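A.B. asks: The following block contains the structure, expressed as structure tokens.
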Amino acid sequence: MQRERRFTMKKRNAAALCMAVVLGITGCTSVVSTEGDTKSTTESVAKDTSAKETSEKSKETEQASEAKEPKTDDYHIGFVVHTTSGDVMSSIEYGAKAAAEDYGVKLTYTGPVDTDNTEQISMFESLVAAGCDAIVIIAGDPTVWDEPIKEAVEKGITVIVTDTDAPTSQRAAYFGVDTAKLAYDLGSAVREKTGEEGVVALGVCVLGPASHATRAEKVKEAYDGTKMEFIGVYETDQDTTLNYNNWENIYTSNPDLKAMVGLSALETTNMGKVKQASGGETVMAAYDPGAEALNLLEEGYLDVCAFQNVWMEGYLPVQAAARMLTEGKKLKGGENLYEGQIVTSGEVTDELKNRAQSEDTMNEWYRNFIKENGLENFGLSD
């Protein structure tokens, strides 16, 4: 099996406002047509009575059946992300939509174009008002979600968090990659290329999120017992042009750097382009390359990348929510974590590149991965 199939799962205990449509179970009505016999009033009355009774029984039977077994597309799952911009967010959206399609539930996927806590919460509240049965969120800023989630839960809505957790909230469960382990593995892979002495620069588009802090901490931890020195963590900006300029400044201002490590996916393509334009031997490492960055990785302008396989952060929580709603399964509370993967420049395969080409190729690869690894029950209690 190719390297990209090696990562395994492990468990540890959703661009616009949602349509304000409250879904309910719609009873189907069966109509029985009869034609009266003009030759006999008694026979006509008997037939009418029989038809009426048959119709009423049919209605009762079908309504009772629907009450017991509601159609899966009667269930509505919301998905609210902190931003819809970038390759990573597209991958999450693909995964969420694929799961909704696979399990026959309605999905409303939304979020602000750029990170905006107030706008994201407003979108979340619109989904609550629309009567969603469950809502998945990415808690870009975990500190603002306790009250919105509490209000949703009080209205009987199941709230699941993915990618970036809100651990102090009343969320039912968290789904995501094992951030700490993946960052440590990235640091270890960089260490193999840099040796144990010199200077490493760390940077990330925005300081503050706990996941970014964890990544920095664990990359450093991978160098424990060495003489490696670290500078940063630099805040490289969320604007793509400014982000490139900041990495270029770090690179040219520190010509003796052994490595630069970007701690988010926004850094990845820019870092590869900086090395492509400037040359040099500095090791470049970052997260979640899209199709363009994969080419830079294969060509050696990026040296090592950590893959969070974020399609899974869209698919897995929607899968669990759908099965909870349609099959009565129970969510596994707490953290439901899966492992990511580390890929170096020499390990880029055609399969890996093909996976990243489009929504269709991504969906096909990951759906097969789900089946091959028996992940249909991920995040669900036994």
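Chain lettering (A, B, ...) mirrors the order of the structure tokens, residue numbering begins at 1 for each chain separately, and ligand numbering begins at 1 in order of display.
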I'd like to know which residues of stretch 126-300 of chain A are strand (DSSP E or B) (by DSSP, run on the backbone); could you write them as a PyMOL selection string?

C.D. replies: chain A and resi 134-137+158-162+173-177+197-204+227-235+259-262+283-287

A.B. asks: Please tabulate, as a tab-separated table, the residues of stretch 193-267 of chain A that come within 9 Å of stretch 286-291 of chain A, each with its closest pair of atoms and the distance in Å to one decimal, counting only C-alpha atoms and ordering rows by chain, then residue number upward.

C.D. replies:
residue	atom	partner	partner_atom	distance
A:Met260	CA	A:Ala286	CA	8.4
A:Val261	CA	A:Ala286	CA	5.6
A:Gly262	CA	A:Ala286	CA	4.5
A:Leu263	CA	A:Ala286	CA	6.0
A:Ser264	CA	A:Tyr287	CA	5.5
A:Ala265	CA	A:Tyr287	CA	4.7
A:Leu266	CA	A:Tyr287	CA	8.1
A:Glu267	CA	A:Ala286	CA	6.8

A.B. asks: Report as JSON lines: every residue of stretch 245-308 of chain A with an atom at most 9 Å from stretch 329-350 of chain A, its closest pair of atoms, and their distance in Å to one decimal, counting only C-alpha atoms, with rows sorted by chain and ascending residue number.

C.D. replies:
{"residue": "A:Leu294", "atom": "CA", "partner": "A:Val348", "partner_atom": "CA", "distance": 7.6}
{"residue": "A:Asn295", "atom": "CA", "partner": "A:Val348", "partner_atom": "CA", "distance": 8.7}
{"residue": "A:Leu296", "atom": "CA", "partner": "A:Ser345", "partner_atom": "CA", "distance": 8.6}
{"residue": "A:Leu297", "atom": "CA", "partner": "A:Ser345", "partner_atom": "CA", "distance": 5.1}
{"residue": "A:Glu298", "atom": "CA", "partner": "A:Ser345", "partner_atom": "CA", "distance": 5.0}
{"residue": "A:Glu299", "atom": "CA", "partner": "A:Ser345", "partner_atom": "CA", "distance": 7.2}
{"residue": "A:Gly300", "atom": "CA", "partner": "A:Ser345", "partner_atom": "CA", "distance": 5.7}
{"residue": "A:Tyr301", "atom": "CA", "partner": "A:Ser345", "partner_atom": "CA", "distance": 8.5}
{"residue": "A:Leu302", "atom": "CA", "partner": "A:Ser345", "partner_atom": "CA", "distance": 6.9}
{"residue": "A:Asp303", "atom": "CA", "partner": "A:Ser345", "partner_atom": "CA", "distance": 5.1}
{"residue": "A:Val304", "atom": "CA", "partner": "A:Thr344", "partner_atom": "CA", "distance": 4.2}
{"residue": "A:Cys305", "atom": "CA", "partner": "A:Val343", "partner_atom": "CA", "distance": 5.5}
{"residue": "A:Ala306", "atom": "CA", "partner": "A:Ile342", "partner_atom": "CA", "distance": 4.7}
{"residue": "A:Phe307", "atom": "CA", "partner": "A:Gln341", "partner_atom": "CA", "distance": 5.1}
{"residue": "A:Gln308", "atom": "CA", "partner": "A:Gly340", "partner_atom": "CA", "distance": 4.8}

A.B. asks: With distances taken over only C-alpha atoms, which of A:Asp102, A:Asp185, A:Glu221, A:Asp146 is nearest to A:Thr168?

C.D. replies: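 Of A:Asp102, A:Asp185, A:Glu221, A:Asp146, the one nearest A:Thr168, counting only C-alpha atoms, is A:Asp146.
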
A.B. asks: When you look at A:Asp239 with a cut-off of 12 Å (counting only C-alpha atoms), what residues show up, excluding the ones that are within fewer than 6 positions of it in the same chain? I need them as a ChimeraX atom specification.

C.D. replies: /A:85-86,114-115,204-206,245-246,266-267,270

A.B. asks: Now that the selection is made, can you save its residues with C-alpha atoms as a CSV table (one decimal), in the first residue's frame?

C.D. replies:
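That gives us part.csv:
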chain,number,residue,atom,x,y,z
A,85,SER,CA,-11.2,30.5,1.9
A,86,GLY,CA,-8.4,28.3,0.8
A,114,ASP,CA,-12.7,35.7,5.9
A,115,THR,CA,-12.4,34.8,9.6
A,204,VAL,CA,2.1,31.0,11.4
A,205,CYS,CA,-0.5,33.2,9.8
A,206,VAL,CA,-2.2,34.1,13.1
A,245,ASN,CA,6.4,39.0,1.8
A,246,ASN,CA,6.8,38.1,5.5
A,266,LEU,CA,-1.7,29.2,4.4
A,267,GLU,CA,2.1,29.2,4.6
A,270,ASN,CA,4.3,30.8,-0.3

A.B. asks: I'd like to know which of A:Asp382, A:Glu93, A:Glu327, A:Glu119 is closest to A:Val310, using only C-alpha atoms.

C.D. replies: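 That would be A:Glu93, the residue with the smallest distance to A:Val310.
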
A.B. asks: Between atom CA of A:Leu127 and atom CA of A:Met362, measure the distance and give it in Å to one decimal.

C.D. replies: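 Those two atoms sit 27.6 Å apart.
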
A.B. asks: Please provide the set of residues having any atom within 6 Å of A:Val219, restricted to only C-alpha atoms, with same-chain residues fewer than 2 positions apart removed, written as an MDAnalysis selection string.

C.D. replies: chainID A and resid 183:184 187 216:217 221:222
